[in-house]
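Trainee: To be precise about what I am sending: the file is called start.cif and holds mmCIF, C-alpha atoms.
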```cif
data_run
#
loop_
_atom_site.label_atom_id
_atom_site.label_comp_id
_atom_site.auth_asym_id
_atom_site.auth_seq_id
_atom_site.Cartn_x
_atom_site.Cartn_y
_atom_site.Cartn_z
CA MET A 1 141.10 -198.52 202.92
CA SER A 2 142.24 -195.24 204.40
CA GLU A 3 140.13 -192.78 206.37
CA ARG A 4 140.16 -190.31 203.50
CA ASP A 5 138.80 -192.82 200.97
CA ILE A 6 135.86 -193.67 203.19
CA VAL A 7 134.94 -190.00 203.61
CA LEU A 8 135.08 -189.50 199.86
CA SER A 9 133.03 -192.57 199.23
CA SER A 10 130.34 -191.55 201.72
CA ILE A 11 129.97 -188.22 199.93
CA ALA A 12 130.17 -189.64 196.41
CA LYS A 13 127.73 -192.51 196.80
CA PRO A 14 124.61 -190.43 197.66
CA LEU A 15 125.60 -187.98 195.00
CA ILE A 16 125.77 -190.69 192.32
CA ALA A 17 122.49 -192.16 193.55
CA ALA A 18 120.81 -188.75 193.30
CA LEU A 19 122.08 -188.28 189.77
CA LEU A 20 120.82 -191.69 188.73
CA LEU A 21 117.38 -191.05 190.23
CA ALA A 22 117.13 -187.68 188.53
CA GLY A 23 117.24 -189.46 185.19
CA PRO A 24 117.69 -187.85 181.79
CA ALA A 25 116.48 -184.43 182.90
CA ALA A 26 119.70 -183.91 184.74
CA ALA A 27 121.85 -184.87 181.73
CA HIS A 28 122.82 -181.39 180.66
CA GLY A 29 126.06 -182.51 179.12
CA ALA A 30 126.04 -183.31 175.41
CA PHE A 31 128.55 -184.76 173.04
CA VAL A 32 128.91 -184.47 169.30
CA ASP A 33 130.69 -187.33 167.65
CA MET A 34 132.25 -186.03 164.53
CA GLY A 35 133.87 -187.72 161.59
CA THR A 36 134.03 -187.49 157.86
CA THR A 37 132.16 -189.64 155.41
CA GLU A 38 131.77 -190.01 151.67
CA ALA A 39 128.58 -188.44 150.38
CA VAL A 40 126.96 -188.07 146.98
CA ALA A 41 126.40 -184.48 145.93
CA ILE A 42 124.13 -183.81 142.99
CA GLN A 43 123.19 -180.66 141.16
CA ALA A 44 120.21 -180.76 138.83
CA ARG A 45 119.80 -178.44 135.85
CA TYR A 46 117.45 -178.18 132.93
CA ASP A 47 119.09 -178.46 129.53
CA THR A 48 118.69 -174.72 129.18
CA GLY A 49 121.20 -174.42 132.02
CA ALA A 50 118.56 -173.26 134.49
CA LEU A 51 118.91 -174.78 137.96
CA MET A 52 116.20 -177.16 139.15
CA ALA A 53 115.37 -175.47 142.44
CA GLY A 54 112.87 -177.14 144.75
CA ALA A 55 112.74 -180.29 142.64
CA GLN A 56 111.86 -183.59 144.26
CA VAL A 57 114.68 -186.06 144.74
CA SER A 58 114.12 -189.80 145.19
CA VAL A 59 117.05 -192.03 146.08
CA PHE A 60 116.60 -195.73 145.36
CA ALA A 61 118.77 -198.32 147.13
CA PRO A 62 120.16 -201.22 145.04
CA ASP A 63 117.80 -203.79 146.57
CA ASN A 64 114.56 -201.86 146.02
CA PRO A 65 114.17 -199.95 142.77
CA ALA A 66 110.44 -199.47 143.37
CA LEU A 67 110.31 -197.71 146.73
CA PRO A 68 112.65 -194.79 147.44
CA TRP A 69 115.11 -195.20 150.29
CA LEU A 70 115.23 -191.46 150.78
CA THR A 71 113.21 -188.54 149.44
CA GLY A 72 114.05 -184.87 149.60
CA MET A 73 114.13 -181.62 147.75
CA THR A 74 116.86 -179.72 145.97
CA ASP A 75 117.85 -176.35 147.40
CA ALA A 76 117.73 -173.03 145.57
CA ASP A 77 120.90 -173.98 143.68
CA GLY A 78 119.46 -177.31 142.56
CA ARG A 79 121.76 -179.16 144.98
CA PHE A 80 121.08 -182.22 147.10
CA VAL A 81 123.52 -184.25 149.19
CA PHE A 82 122.98 -187.70 150.65
CA VAL A 83 125.05 -190.42 152.25
CA PRO A 84 124.22 -193.91 151.01
CA ASP A 85 124.49 -196.72 153.54
CA ASP A 86 126.85 -199.65 152.99
CA ARG A 87 124.58 -201.65 150.66
CA ALA A 88 126.74 -202.46 147.67
CA GLY A 89 125.45 -202.01 144.15
CA GLN A 90 123.95 -199.35 141.97
CA TRP A 91 122.01 -196.58 143.64
CA ALA A 92 119.63 -194.58 141.49
CA VAL A 93 118.82 -190.92 142.03
CA GLN A 94 115.84 -189.36 140.33
CA VAL A 95 115.22 -185.63 140.26
CA ARG A 96 111.88 -184.50 138.90
CA GLN A 97 109.79 -181.37 138.76
CA ALA A 98 106.51 -180.87 136.91
CA GLY A 99 107.00 -183.86 134.66
CA HIS A 100 110.59 -183.05 133.77
CA GLY A 101 113.48 -184.85 135.29
CA ALA A 102 116.40 -187.18 134.97
CA MET A 103 118.05 -190.17 136.60
CA GLY A 104 121.63 -190.48 137.82
CA TYR A 105 123.44 -193.54 139.15
CA VAL A 106 126.19 -194.11 141.70
CA THR A 107 127.79 -197.42 142.60
CA VAL A 108 128.73 -198.30 146.16
CA GLY A 109 131.57 -200.85 146.26
CA THR A 110 131.45 -204.06 148.27
CA ASP A 111 133.70 -202.59 150.94
CA GLY A 112 131.07 -199.98 151.55
CA ALA A 113 133.48 -197.11 151.17
CA ALA A 114 134.17 -196.47 147.52
CA ILE A 115 131.41 -194.57 145.74
CA THR A 116 131.74 -194.02 142.02
CA VAL A 117 129.44 -192.08 139.74
CA THR A 118 128.47 -194.60 137.07
CA ALA A 119 126.11 -192.62 134.90
CA SER A 120 125.47 -188.93 134.86
CA ARG A 121 124.45 -187.37 131.59
CA THR A 122 126.11 -184.07 130.97
CA GLY A 123 124.63 -181.39 128.79
CA LEU A 124 125.63 -180.93 125.19
CA SER A 125 127.51 -177.87 124.12
CA TRP A 126 125.82 -175.18 122.10
CA ALA A 127 127.77 -176.13 118.96
CA GLN A 128 126.97 -179.84 119.34
CA ARG A 129 123.26 -179.10 119.61
CA LEU A 130 123.36 -176.85 116.60
CA LEU A 131 125.17 -179.47 114.49
CA MET A 132 122.75 -182.23 115.55
CA ALA A 133 119.71 -180.06 114.88
CA ALA A 134 121.11 -179.02 111.50
CA SER A 135 121.67 -182.68 110.53
CA VAL A 136 118.09 -183.64 111.28
CA VAL A 137 116.70 -180.54 109.57
CA TRP A 138 118.82 -181.26 106.53
CA GLY A 139 117.51 -184.84 106.50
CA CYS A 140 113.95 -183.47 106.46
CA ILE A 141 114.77 -181.01 103.67
CA GLY A 142 116.33 -183.85 101.68
CA THR A 143 113.21 -185.95 102.15
CA ALA A 144 111.06 -183.03 100.99
CA LEU A 145 113.21 -182.44 97.91
CA TYR A 146 113.24 -186.16 97.07
CA PHE A 147 109.46 -186.48 97.08
CA ARG A 148 109.06 -183.14 95.30
CA ARG A 149 111.30 -184.33 92.50
CA LEU A 150 109.55 -187.65 92.34
CA ARG A 151 106.12 -186.17 91.79
CA PRO A 152 106.26 -185.04 88.16
CA ALA A 153 107.46 -188.52 87.16
CA GLU A 154 104.31 -190.02 88.66
CA PRO A 155 101.84 -191.27 86.05
CA ALA A 156 98.73 -189.14 86.27
CA MET B 1 105.90 -180.63 127.34
CA HIS B 2 107.93 -183.75 126.73
CA ILE B 3 107.60 -186.35 129.46
CA PRO B 4 110.95 -188.18 129.81
CA ASP B 5 111.56 -191.84 130.61
CA GLY B 6 111.11 -193.00 134.17
CA ILE B 7 108.45 -190.47 135.15
CA LEU B 8 105.27 -192.33 134.26
CA PRO B 9 104.12 -195.74 135.48
CA LEU B 10 104.29 -198.58 132.95
CA GLY B 11 100.52 -198.68 132.41
CA LEU B 12 100.35 -195.07 131.26
CA SER B 13 103.36 -195.48 128.95
CA LEU B 14 101.84 -198.56 127.33
CA GLY B 15 98.43 -196.89 127.10
CA GLY B 16 100.05 -193.89 125.42
CA TRP B 17 101.75 -196.17 122.90
CA ALA B 18 98.45 -197.95 122.19
CA ILE B 19 96.53 -194.71 121.61
CA ALA B 20 99.35 -193.22 119.53
CA ALA B 21 99.48 -196.39 117.40
CA GLY B 22 95.73 -196.22 116.85
CA LEU B 23 95.82 -192.55 115.88
CA THR B 24 98.79 -193.15 113.56
CA ALA B 25 97.01 -196.06 111.89
CA LEU B 26 93.93 -193.90 111.38
CA SER B 27 96.04 -191.07 109.96
CA LEU B 28 97.98 -193.34 107.59
CA ASN B 29 94.71 -194.90 106.49
CA ARG B 30 93.28 -191.48 105.63
CA ILE B 31 96.49 -190.47 103.87
CA ALA B 32 96.45 -193.67 101.80
CA ALA B 33 92.86 -192.92 100.78
CA GLN B 34 93.93 -189.64 99.20
CA PRO B 35 94.26 -189.47 95.40
CA ASP B 36 98.03 -188.93 95.64
CA PRO B 37 99.30 -189.82 99.11
CA ARG B 38 102.81 -188.67 98.17
CA ALA B 39 101.64 -185.15 97.36
CA GLY B 40 101.70 -184.05 101.00
CA LEU B 41 105.09 -185.55 101.83
CA PRO B 42 107.38 -182.62 100.96
CA ARG B 43 105.32 -180.31 103.12
CA ALA B 44 105.10 -182.90 105.90
CA ALA B 45 108.89 -183.29 105.82
CA MET B 46 109.45 -179.54 106.01
CA MET B 47 106.98 -179.17 108.87
CA THR B 48 108.67 -182.07 110.70
CA ALA B 49 111.91 -180.11 110.48
CA ALA B 50 110.20 -177.00 111.84
CA PHE B 51 108.54 -178.99 114.62
CA PHE B 52 111.83 -180.68 115.54
CA ALA B 53 113.81 -177.46 115.61
CA ALA B 54 111.09 -175.43 117.34
CA SER B 55 111.53 -177.29 120.61
CA LEU B 56 115.11 -176.02 120.76
CA ILE B 57 113.97 -172.41 120.74
CA HIS B 58 113.44 -171.43 124.34
CA ILE B 59 111.33 -168.44 125.23
CA PRO B 60 112.09 -167.10 128.70
CA VAL B 61 108.92 -166.86 130.79
CA PRO B 62 110.12 -165.95 134.29
CA PRO B 63 110.87 -167.81 136.45
CA SER B 64 111.44 -170.62 133.92
CA SER B 65 111.37 -170.90 130.16
CA VAL B 66 109.13 -172.61 127.64
CA HIS B 67 109.79 -173.75 124.11
CA LEU B 68 107.63 -173.68 121.02
CA VAL B 69 105.63 -176.89 120.46
CA LEU B 70 103.55 -175.95 117.40
CA PRO B 71 100.76 -178.56 117.56
CA GLY B 72 98.24 -176.08 116.13
CA LEU B 73 100.44 -175.16 113.17
CA MET B 74 101.16 -178.84 112.48
CA GLY B 75 97.46 -179.70 112.45
CA ALA B 76 96.42 -176.69 110.39
CA MET B 77 99.19 -177.16 107.83
CA LEU B 78 99.38 -180.94 107.56
CA GLY B 79 95.96 -182.40 108.27
CA TRP B 80 96.26 -186.17 108.53
CA TYR B 81 100.01 -185.97 107.95
CA ALA B 82 100.37 -184.17 111.31
CA LEU B 83 100.43 -187.26 113.51
CA PRO B 84 103.15 -189.21 111.66
CA ALA B 85 105.14 -185.97 111.40
CA ILE B 86 104.84 -185.32 115.14
CA LEU B 87 105.79 -188.91 115.93
CA ILE B 88 108.94 -188.68 113.80
CA GLY B 89 109.84 -185.26 115.21
CA LEU B 90 109.39 -186.48 118.78
CA ALA B 91 111.49 -189.58 118.11
CA PHE B 92 114.36 -187.42 116.86
CA GLN B 93 114.02 -185.05 119.82
CA ALA B 94 114.13 -188.00 122.23
CA VAL B 95 117.10 -189.73 120.62
CA MET B 96 119.19 -186.65 119.86
CA PHE B 97 118.53 -184.34 122.77
CA GLY B 98 116.82 -186.42 125.42
CA HIS B 99 113.67 -184.31 125.12
CA GLY B 100 111.06 -186.83 126.13
CA GLY B 101 111.96 -190.49 125.90
CA LEU B 102 111.35 -193.63 123.91
CA THR B 103 109.11 -195.29 126.50
CA THR B 104 107.04 -192.10 126.68
CA LEU B 105 107.07 -191.45 122.93
CA GLY B 106 103.51 -192.73 122.67
CA VAL B 107 102.26 -190.54 125.50
CA ASN B 108 104.02 -187.48 124.10
CA ALA B 109 102.62 -188.18 120.63
CA VAL B 110 99.13 -188.26 122.16
CA ILE B 111 99.77 -185.02 124.13
CA LEU B 112 100.73 -183.16 120.95
CA GLY B 113 98.90 -185.28 118.35
CA LEU B 114 95.38 -184.92 119.71
CA PRO B 115 95.61 -181.09 119.77
CA ALA B 116 97.06 -181.20 116.24
CA LEU B 117 94.12 -183.28 115.02
CA ALA B 118 91.73 -180.92 116.84
CA ALA B 119 93.43 -177.99 115.10
CA PHE B 120 93.02 -179.82 111.79
CA GLY B 121 89.33 -180.32 112.50
CA LEU B 122 88.87 -176.65 113.35
CA THR B 123 90.75 -175.57 110.22
CA ARG B 124 88.71 -177.91 108.05
CA ALA B 125 85.43 -176.70 109.56
CA LEU B 126 86.16 -172.97 109.54
CA GLY B 127 89.27 -172.51 107.39
CA HIS B 128 87.18 -171.53 104.35
CA LEU B 129 86.33 -168.18 105.92
CA THR B 130 87.87 -165.55 103.69
CA GLN B 131 87.22 -162.38 105.67
CA ARG B 132 90.53 -161.31 107.11
CA ALA B 133 89.25 -160.79 110.64
CA ALA B 134 87.36 -164.09 110.77
CA ALA B 135 90.31 -165.99 109.33
CA ALA B 136 92.63 -164.37 111.87
CA ILE B 137 90.36 -165.30 114.76
CA VAL B 138 90.09 -168.91 113.58
CA GLY B 139 93.86 -169.13 113.07
CA PHE B 140 94.55 -167.69 116.50
CA ALA B 141 92.06 -170.04 118.16
CA THR B 142 93.70 -172.95 116.34
CA GLY B 143 97.23 -172.14 117.50
CA ALA B 144 96.40 -171.03 121.03
CA GLY B 145 93.74 -173.67 121.64
CA ALA B 146 96.05 -176.49 120.57
CA VAL B 147 98.71 -175.39 123.09
CA LEU B 148 96.16 -175.11 125.88
CA LEU B 149 94.77 -178.56 125.06
CA ALA B 150 98.30 -180.01 125.03
CA VAL B 151 99.08 -178.43 128.42
CA ALA B 152 95.83 -179.80 129.85
CA LEU B 153 96.62 -183.31 128.57
CA PHE B 154 100.20 -183.05 129.88
CA ALA B 155 99.04 -182.01 133.36
CA ALA B 156 96.25 -184.59 133.51
CA ILE B 157 98.56 -187.46 132.52
CA LEU B 158 101.23 -186.38 135.02
CA LEU B 159 98.74 -186.09 137.87
CA ALA B 160 97.23 -189.47 136.97
CA GLY B 161 100.67 -191.07 137.13
CA LEU B 162 101.99 -189.40 140.26
CA PRO B 163 103.76 -191.99 142.45
CA ALA B 164 102.71 -192.14 146.09
CA HIS B 165 106.19 -191.36 147.45
CA LEU B 166 106.28 -187.91 145.88
CA ASP B 167 105.15 -184.81 147.67
CA ALA B 168 101.90 -184.41 145.74
CA GLY B 169 101.33 -180.82 146.88
CA ALA B 170 104.75 -179.63 145.72
CA GLU B 171 104.40 -181.46 142.42
CA ARG B 172 100.92 -180.03 141.82
CA ALA B 173 102.27 -176.55 142.51
CA ALA B 174 105.15 -177.13 140.07
CA ILE B 175 102.77 -178.41 137.37
CA THR B 176 100.48 -175.42 137.91
CA ALA B 177 103.43 -173.05 137.57
CA LEU B 178 104.50 -174.78 134.36
CA ALA B 179 100.97 -174.61 132.95
CA LEU B 180 100.75 -170.88 133.72
CA ALA B 181 104.11 -170.33 132.05
CA HIS B 182 102.58 -171.78 128.88
CA LEU B 183 99.84 -169.13 128.66
CA PRO B 184 102.12 -166.59 126.90
CA LEU B 185 103.24 -169.46 124.64
CA ALA B 186 99.62 -170.11 123.67
CA LEU B 187 99.31 -166.45 122.63
CA ALA B 188 102.58 -166.65 120.69
CA GLU B 189 101.60 -169.83 118.84
CA GLY B 190 98.19 -168.39 118.06
CA MET B 191 99.94 -165.48 116.37
CA VAL B 192 102.34 -167.85 114.57
CA VAL B 193 99.39 -169.70 113.01
CA VAL B 194 97.72 -166.42 112.02
CA ALA B 195 100.96 -165.17 110.45
CA VAL B 196 101.75 -168.39 108.54
CA LEU B 197 98.20 -168.91 107.26
CA GLY B 198 97.91 -165.21 106.40
CA PHE B 199 101.17 -165.36 104.45
CA LEU B 200 100.09 -168.48 102.57
CA ARG B 201 96.67 -167.00 101.86
CA ARG B 202 98.34 -164.03 100.17
CA THR B 203 101.03 -165.95 98.31
CA SER B 204 99.73 -169.45 97.53
CA PRO B 205 96.16 -170.02 98.72
CA GLU B 206 96.10 -173.54 97.27
CA MET B 207 98.55 -174.64 99.95
CA ILE B 208 96.19 -174.16 102.86
CA VAL B 209 93.50 -176.54 101.71
CA ALA B 210 93.18 -178.81 104.71
CA ARG B 211 92.71 -182.40 103.68
#
```
Just dump the structure as structure tokens.
Mentor:
Amino acid sequence: MSERDIVLSSIAKPLIAALLLAGPAAAHGAFVDMGTTEAVAIQARYDTGALMAGAQVSVFAPDNPALPWLTGMTDADGRFVFVPDDRAGQWAVQVRQAGHGAMGYVTVGTDGAAITVTASRTGLSWAQRLLMAASVVWGCIGTALYFRRLRPAEPA
Amino acid sequence: MHIPDGILPLGLSLGGWAIAAGLTALSLNRIAAQPDPRAGLPRAAMMTAAFFAASLIHIPVPPSSVHLVLPGLMGAMLGWYALPAILIGLAFQAVMFGHGGLTTLGVNAVILGLPALAAFGLTRALGHLTQRAAAAIVGFATGAGAVLLAVALFAAILLAGLPAHLDAGAERAAITALALAHLPLALAEGMVVVAVLGFLRRTSPEMIVAR
């Protein structure tokens, strides 16, 4: 060991000891570990197209469909983002507000990485809704006409 | 005011089904006791169509929107036929558009069926009034009161079935906001009943005899 090393060591050792004694208060340095991950982003809307702002979100892990794994609230744009852990299976997401709401499902693969959206109901187009409503209304009108026609034939 | 699947606990959904089944049985029983049970069917079918389509008509009430529900008109126009008509209308709304749900069909039928039967009772008790002003007041009370009763039932059932993991304060605030948004709807439906009954009174008074 050279003379220079000893000098350095005699300065460094008390310094290290002082730092250790000072404890966490002296730890002014900070680190941010950063990386990317796969998250689930949802956006909730009413069927009128209005965004569900401030709605309550409950995320259910595959192994417990009764108790939510995570709860939160959608932002002003009806959005909510969460990162499921590596439990494989179907995760359920419920968004509800004042008795209205819907469920969505995502599946986390066994490798823990692949997330696929398994069920997410999309809204019907304006024309689809009109056609469906017209069909039901026509069915009702047909029923009305049928029983109206039947009546005169009834024995008094 | 259609509670979808997955919102209510099982007990409330089953209870709703039980009460709806009881009310439907009572209604069908009363219909069967009529001299010609088929006589009311054309009108019931037409009103079912109106009830079904009405929920698709959204009225903007800032910050959200409400849709017509028409329990008062159903009760005043259909009498005992109102409950089966509402049940069928709700079933179509649930299956076609996801308004409400099949597990909550019973609960939703109670939410709208009880006000309809109350409207029927009010019409039967006071519908014979022939003075224009009195008839208008009764009609308005029928339409508006039925909506208010439905909103009250809706809110009470939701609050009774609120799961513990939800933020109860936020949900209560949201339900209150929704209930307040229905106040203009109550006024609108009151006027709808006045207009329809007034029109029928002028054109074909025999049609408004509540059975």
Trainee: Let me know the residues the PyMOL selection byres ((chain A and resi 75) around 9) catches in the file above, as a list of chain:residue names.
Mentor: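 Evaluating the PyMOL selection byres ((chain A and resi 75) around 9) on these coordinates yields A:Met52, A:Ala53, A:Gly54, A:Ala55, A:Met73, A:Thr74, A:Ala76, A:Asp77, A:Gly78, A:Arg79, A:Phe80.
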Trainee: Using all atoms listed in the file, which chain A residues lie at most 7 Å away from chain B, written as a list in words?
Mentor: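 So the residues of chain A near chain B are Gln97, Ala98, Gly99, His100, Gly101, Ala133, Val137, Cys140, Ile141, Thr143, Ala144, Leu145, Phe147 and Arg148 of chain A.
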Trainee: Take the residues just selected and output them with C-alpha atoms as a CSV table (one decimal), in the frame of the given file.
Mentor:
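What landed in result11.csv:
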```csv
chain,number,residue,atom,x,y,z
A,97,GLN,CA,109.8,-181.4,138.8
A,98,ALA,CA,106.5,-180.9,136.9
A,99,GLY,CA,107.0,-183.9,134.7
A,100,HIS,CA,110.6,-183.0,133.8
A,101,GLY,CA,113.5,-184.8,135.3
A,133,ALA,CA,119.7,-180.1,114.9
A,137,VAL,CA,116.7,-180.5,109.6
A,140,CYS,CA,114.0,-183.5,106.5
A,141,ILE,CA,114.8,-181.0,103.7
A,143,THR,CA,113.2,-186.0,102.2
A,144,ALA,CA,111.1,-183.0,101.0
A,145,LEU,CA,113.2,-182.4,97.9
A,147,PHE,CA,109.5,-186.5,97.1
A,148,ARG,CA,109.1,-183.1,95.3
```
Trainee: If the PyMOL selection byres ((chain B and resi 9-16) around 7) is run on the structure shown, which residues does it catch, given as a list in words?
Mentor: Ile7, Leu8, Trp17, Ala18, Ile19, Ala20, Thr103, Thr104, Gly106, Val107, Val110 and Gly161 of chain B
Trainee: Residues within 7 Å of range 81-87 of chain B, please, as a list in words. Count all atoms listed in the file; anything in the same chain fewer than 6 positions from it doesn't count.
Mentor: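 Here the qualifying residues turn out to be Thr24, Ser27, Ala44, Thr48, Met74, Gly75, Ala109, Gly113 and Ala116 of chain B.
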Trainee: Please compute the CA of Ala146 in chain B-CA of Met77 in chain B distance, one decimal, in Å.
Mentor: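 So the answer is 13.1 Å.
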Trainee: Extract, using only C-alpha atoms, all DNA, RNA and protein residues at most 12 Å from Ala195 in chain B, discarding same-chain residues fewer than 2 positions from it, and format them as a VMD selection string.
Mentor: chain B and resid 73 132 135 to 140 143 188 to 193 197 to 202
Trainee: For the atom pair CA of Asp47 in chain A and CA of Leu187 in chain B, what is the interatomic distance in Å to one decimal place?
Mentor: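 Calculated distance between CA of Asp47 in chain A and CA of Leu187 in chain B is 24.1 Å.
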Trainee: Could you jot down the CA of Ile88 in chain B to CA of Arg30 in chain B separation for me, Å, one decimal place?
Mentor: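 Pair CA of Ile88 in chain B / CA of Arg30 in chain B returns 17.9 Å.
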Trainee: Restricting the calculation to only C-alpha atoms: of A:Phe60, A:Tyr46, A:Trp138, A:Phe31, which residue gets closest to Tyr105 in chain A?
Mentor: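 Using only C-alpha atoms, Tyr105 in chain A sits closest to A:Phe60.
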Trainee: I'd like the residues picked by the PyMOL selection byres ((chain A and resi 65) around 12) written out as a PyMOL selection string, using the chain letters and numbers from the file.
Mentor: (chain A and resi 58-64+66-70+89-94+105) or (chain B and resi 6)
Trainee: Quick one: axis-aligned box around all listed atoms of range 87-101 of chain B, 6 Å on every side, centre and edge lengths in Å to one decimal, written as AutoDock Vina command-line options.
Mentor:
```
--center_x 112.5 --center_y -187.4 --center_z 120.0 --size_x 25.4 --size_y 18.2 --size_z 24.3
```
Trainee: If we count all atoms listed in the file, what is near Pro84 in chain A at a cut-off of 9 Å, once residues fewer than 2 positions away on the same chain are taken out, given as a ChimeraX atom specification?
Mentor: /A:38-40,59,61,82,86-87,91,108,115
